[in-house]
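Below is one structure; the comments refer to it alone.
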Amino acid sequence: MTALFIIVALPLAVVIVTVGIILIRTRMIGHIVGTFECWARSDTSSGWVSGMARFGSCDLQWFRLVGIYFGPQFRLPRSQMTVSAPIDRSEGIVEVMVESEGQRQYLAMRTEWYNGLLSWVDSSAPRSRDDYEL
């Protein structure tokens, strides 16, 4: 009886704890100010991964929706960031290519978040006077 209990209860406990961690993680990420639903892929031949992106002060952070790791899976620095023209994919969803400092990611998001992304990129902090060629 004890061996059967260990065989059944231990895997069940591991599953419950893992699901609990994923739910807590998703809730914590979703409550960060500036977070929005966003799908990502590294190239046009790979599949979309569901996640959430966040406008940070210096970078765009992307978190996988389902996972155990609490930090972002990738960060795109805000400096020198370029965003492609949107491609309509379905009702209210657009796909864009975002490049920054040699990194490239394809992102799909709702149209209103695309507009927010453009505003966030355009409103970056002013550069120092030394950065401009005179």
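Residues in the structure tokens are named by chain (A, B, ... in the order shown) and by number from 1 within that chain; ligands are numbered from 1 in the order shown.
Neighbours of Tyr106 in chain A closer than or equal to 9 Å, with only C-alpha atoms counted and sequence neighbours fewer than 6 positions away skipped, come out as Trp39, Ala40, Arg41, Ser42, Asp43, Thr44, Trp48, Glu95, Val96, Met97, Val98 and Glu99 of chain A.
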Store the residues picked out above, limited to C-alpha atoms, as a short mmCIF file (atom, residue, chain, number, x, y, z; two decimals), in the first residue's frame.
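What ended up in selection-v2.cif:
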data_model
loop_
_atom_site.label_atom_id
_atom_site.label_comp_id
_atom_site.auth_asym_id
_atom_site.auth_seq_id
_atom_site.Cartn_x
_atom_site.Cartn_y
_atom_site.Cartn_z
CA TRP A 39 3.35 35.97 -30.02
CA ALA A 40 6.98 35.62 -31.10
CA ARG A 41 9.15 33.64 -33.48
CA SER A 42 12.79 33.99 -34.43
CA ASP A 43 12.33 33.51 -38.18
CA THR A 44 9.54 33.16 -40.71
CA TRP A 48 4.59 31.11 -33.18
CA GLU A 95 2.79 40.85 -37.61
CA VAL A 96 5.93 42.99 -37.47
CA MET A 97 9.65 42.43 -37.58
CA VAL A 98 11.58 44.13 -34.79
CA GLU A 99 15.35 44.62 -35.03
#
Problem set entry | Test item: residues at most 10 Å from range 78-88 of chain A, only C-alpha atoms, excluding those fewer than 4 positions along its chain, as a ChimeraX atom specification | /A:55-60,92-111,114-115,117-118,120-122,124-125,127
Exercise. If you count only C-alpha atoms, which residues fall within 10 Å of Trp62 in chain A, apart from same-chain ones fewer than 3 positions away, as a list in words?
Worked result: Thr35, Phe36, Glu37, Cys38, Trp39, Ala40, Ser50, Gly51, Met52, Ala53, Arg54, Phe55, Asp59, Leu65, Gly71, Pro72, Gln73, Phe74, Arg75, Leu76 and Leu107 of chain A
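CA of Ile21 in chain A sits 23.6 Å away from CA of Phe5 in chain A.
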For this session: Identify, on the basis of only C-alpha atoms, every residue whose closest approach to Thr18 in chain A does not exceed 10 Å; exclude the query and any residue fewer than 5 positions from it along the same chain; express the result as a ChimeraX atom specification.
Result: /A:12-13,23-24,67-68
The selected residues should be written to file as a PDB file, in the first residue's frame (atoms: N, CA and C atoms).
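The result, stored in selection.pdb:
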ATOM      1  N   LEU A  12       1.831  12.928  -8.860  1.00  0.00           N
ATOM      2  CA  LEU A  12       0.690  13.845  -8.769  1.00  0.00           C
ATOM      3  C   LEU A  12       1.094  15.138  -8.053  1.00  0.00           C
ATOM      4  N   ALA A  13       1.870  15.024  -7.012  1.00  0.00           N
ATOM      5  CA  ALA A  13       2.345  16.217  -6.292  1.00  0.00           C
ATOM      6  C   ALA A  13       3.252  17.062  -7.166  1.00  0.00           C
ATOM      7  N   LEU A  23       1.035  28.879 -13.075  1.00  0.00           N
ATOM      8  CA  LEU A  23      -0.076  29.819 -12.875  1.00  0.00           C
ATOM      9  C   LEU A  23       0.367  31.065 -12.115  1.00  0.00           C
ATOM     10  N   ILE A  24       1.159  30.879 -11.069  1.00  0.00           N
ATOM     11  CA  ILE A  24       1.662  32.032 -10.301  1.00  0.00           C
ATOM     12  C   ILE A  24       2.560  32.893 -11.177  1.00  0.00           C
ATOM     13  N   GLY A  67       5.765  28.319 -18.987  1.00  0.00           N
ATOM     14  CA  GLY A  67       7.144  27.983 -18.666  1.00  0.00           C
ATOM     15  C   GLY A  67       7.397  28.160 -17.182  1.00  0.00           C
ATOM     16  N   ILE A  68       8.540  27.736 -16.749  1.00  0.00           N
ATOM     17  CA  ILE A  68       8.887  27.831 -15.336  1.00  0.00           C
ATOM     18  C   ILE A  68       9.828  29.002 -15.085  1.00  0.00           C
TER      19      ILE A  68
END
For this session: Please run DSSP on the backbone and report, as a PyMOL selection string, all residues within range 3-100 of chain A that come out as strand (DSSP E or B).
Result: chain A and resi 35-41+49-55+59-64+74-77+82-83+87-90+93-100
For this session: One decimal, Å: what's the distance from CA of Gln61 in chain A over to CA of Ile32 in chain A, could you say?
Result: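 Rounded to one decimal, the two atoms are 11.4 Å apart.
Reported to one decimal place, the separation of CA of Ile7 in chain A from CA of Ile22 in chain A is 23.5 Å.
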